[in-house]
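Below is one structure; the comments refer to it alone.
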Amino acid sequence: MLYTIIKALHIIFMVSYFAGIFYLVRIFVYYKDTDEFAEEKKKILREQYTFMARRLWNIITVPAGVIMAVCGIVMIFLNTGLMKMPWFHLKLTFLIGLAVYHYWCWKKVLKLKELNGQTIETPNIKLRQANEIATFLLFLVVFTVILKSSVIEYWWQLIAGFFVLVFLIMMTVKLVNKNKKNK
């Protein structure tokens, strides 16, 4: 019963964490979108986006990430057999990728404050594409956890499907960005 409760908490805080990460990078995109605005409007919006990013990071994203990680570690201690499962090693590998992405987000949050209203150097399209990285990681982790050993058995089909998904999402981002420029 304890394991199931911890697992439920792990999933709940995983959802909260990803909601924070998804919205955080979107705030970076909105901040960058102000480059072409009049100075007064740009200043007001950039202050607001910086405030929102810091609050989102400190109040939702990081606490949810910590609780998610603690619950995950507790589940490993309660079920040490997980460490013998190849699919679980794959999940941990994807979580390392998530940790790198988390670090990148943290550095961007710090950078927003340092910029003091100046522009982000990262091109808009790169921020929009970076916004999709968490989506890819979420797909990889969830499919790995749900399919377990089937992930190892059918790895090439899953990789092919994943690359098709990545391609479709990236093309959609480019199309939306192109349509936005045309308006």
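Within each chain, counting starts at residue 1; across the structure tokens, chains are named A, B, ... in the order shown, with ligands numbered 1 upward in that order.
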For stretch 19-24 of chain A: contacts at 10 Å, only C-alpha atoms, fewer than 2 positions along chain excluded, given as an MDAnalysis selection string: chainID A and resid 13:17 26:30 49 52:62 64:65 101:102 105:106 108:109 130:135
Selection near A:Ile125, 9 Å with only C-alpha atoms, sequence-local residues under 6 positions removed, as a PyMOL selection string: chain A and resi 29+173-174+177
Given the selection you just returned, output its residues as a file containing C-alpha atoms, formatted as a PDB file, in the first residue's frame.
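As a result, selection_1.pdb now contains:
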ATOM      1  CA  VAL A  29       9.380  32.695 -25.742  1.00  0.00           C
ATOM      2  CA  VAL A 173       6.779  24.695 -34.605  1.00  0.00           C
ATOM      3  CA  LYS A 174       8.437  26.016 -37.768  1.00  0.00           C
ATOM      4  CA  ASN A 177       6.513  30.479 -36.407  1.00  0.00           C
TER       5      ASN A 177
END
Neighbour list for A:Lys32 as a PyMOL selection string, cut-off 8 Å, only C-alpha atoms, skip fewer than 3 positions in-chain: chain A and resi 28-29+35+119-120+123-124
Let me see the file: selected residues, all heavy atoms, as a tab-separated table (two decimals), in the first residue's frame.
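The resulting file, selection_13.tsv, is shown below:
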chain	number	residue	atom	x	y	z
A	28	PHE	N	9.83	32.25	-21.59
A	28	PHE	CA	11.03	32.71	-22.30
A	28	PHE	C	10.67	33.14	-23.72
A	28	PHE	O	11.18	34.15	-24.23
A	28	PHE	CB	12.10	31.62	-22.37
A	28	PHE	CG	12.57	31.10	-21.03
A	28	PHE	CD1	13.10	29.82	-20.93
A	28	PHE	CD2	12.52	31.87	-19.88
A	28	PHE	CE1	13.55	29.33	-19.71
A	28	PHE	CE2	12.97	31.38	-18.65
A	28	PHE	CZ	13.49	30.11	-18.58
A	29	VAL	N	9.82	32.36	-24.37
A	29	VAL	CA	9.38	32.69	-25.74
A	29	VAL	C	8.62	34.03	-25.73
A	29	VAL	O	8.88	34.91	-26.57
A	29	VAL	CB	8.50	31.57	-26.33
A	29	VAL	CG1	7.86	32.00	-27.64
A	29	VAL	CG2	9.31	30.30	-26.53
A	35	ASP	N	10.75	41.70	-28.36
A	35	ASP	CA	11.86	42.42	-29.01
A	35	ASP	C	11.39	43.56	-29.92
A	35	ASP	O	12.04	44.60	-30.00
A	35	ASP	CB	12.73	41.46	-29.83
A	35	ASP	CG	13.69	40.65	-28.96
A	35	ASP	OD1	13.75	40.89	-27.74
A	35	ASP	OD2	14.38	39.77	-29.52
A	119	THR	N	17.40	42.17	-24.14
A	119	THR	CA	16.94	41.04	-24.95
A	119	THR	C	17.68	39.75	-24.62
A	119	THR	O	18.83	39.77	-24.18
A	119	THR	CB	17.06	41.35	-26.45
A	119	THR	OG1	16.35	40.36	-27.18
A	119	THR	CG2	18.51	41.37	-26.91
A	120	ILE	N	16.99	38.64	-24.82
A	120	ILE	CA	17.62	37.32	-24.71
A	120	ILE	C	18.35	37.08	-26.03
A	120	ILE	O	17.79	37.30	-27.11
A	120	ILE	CB	16.55	36.21	-24.51
A	120	ILE	CG1	15.83	36.37	-23.18
A	120	ILE	CG2	17.17	34.83	-24.63
A	120	ILE	CD1	14.70	35.37	-22.97
A	123	PRO	N	17.88	32.97	-30.32
A	123	PRO	CA	16.84	33.28	-31.32
A	123	PRO	C	15.48	32.70	-30.92
A	123	PRO	O	15.41	31.65	-30.27
A	123	PRO	CB	17.36	32.60	-32.59
A	123	PRO	CG	18.82	32.40	-32.37
A	123	PRO	CD	19.00	32.24	-30.89
A	124	ASN	N	14.43	33.38	-31.34
A	124	ASN	CA	13.07	32.98	-31.01
A	124	ASN	C	12.78	31.54	-31.41
A	124	ASN	O	12.22	30.77	-30.62
A	124	ASN	CB	12.08	33.94	-31.68
A	124	ASN	CG	10.68	33.78	-31.17
A	124	ASN	OD1	10.07	32.74	-31.33
A	124	ASN	ND2	10.17	34.83	-30.53
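Distances from A:Cys71, A:Glu40, A:Trp87, A:Leu138 to A:Glu153 were compared using only C-alpha atoms, and the smallest one belongs to A:Trp87.
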Nearest residue to A:Ile11 from the set A:Leu127, A:Val141, A:Leu147, A:Met83 (distances using only C-alpha atoms):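 Residue with the minimum atom-to-atom distance to A:Ile11: A:Val141.
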Pick from A:Val176, A:Leu95, A:Leu90, A:Leu137, whichever lies nearest to A:Ile152 using only C-alpha atoms: A:Leu90
Between atom CA of A:Val151 and atom CA of A:Phe167 - distance in Å to one decimal: 20.5 Å
Which residue of A:Asn116, A:Gln157, A:Asn79, A:Gln129 approaches A:Lys7 most closely, using only C-alpha atoms: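 Smallest distance to A:Lys7 is found for A:Asn79.
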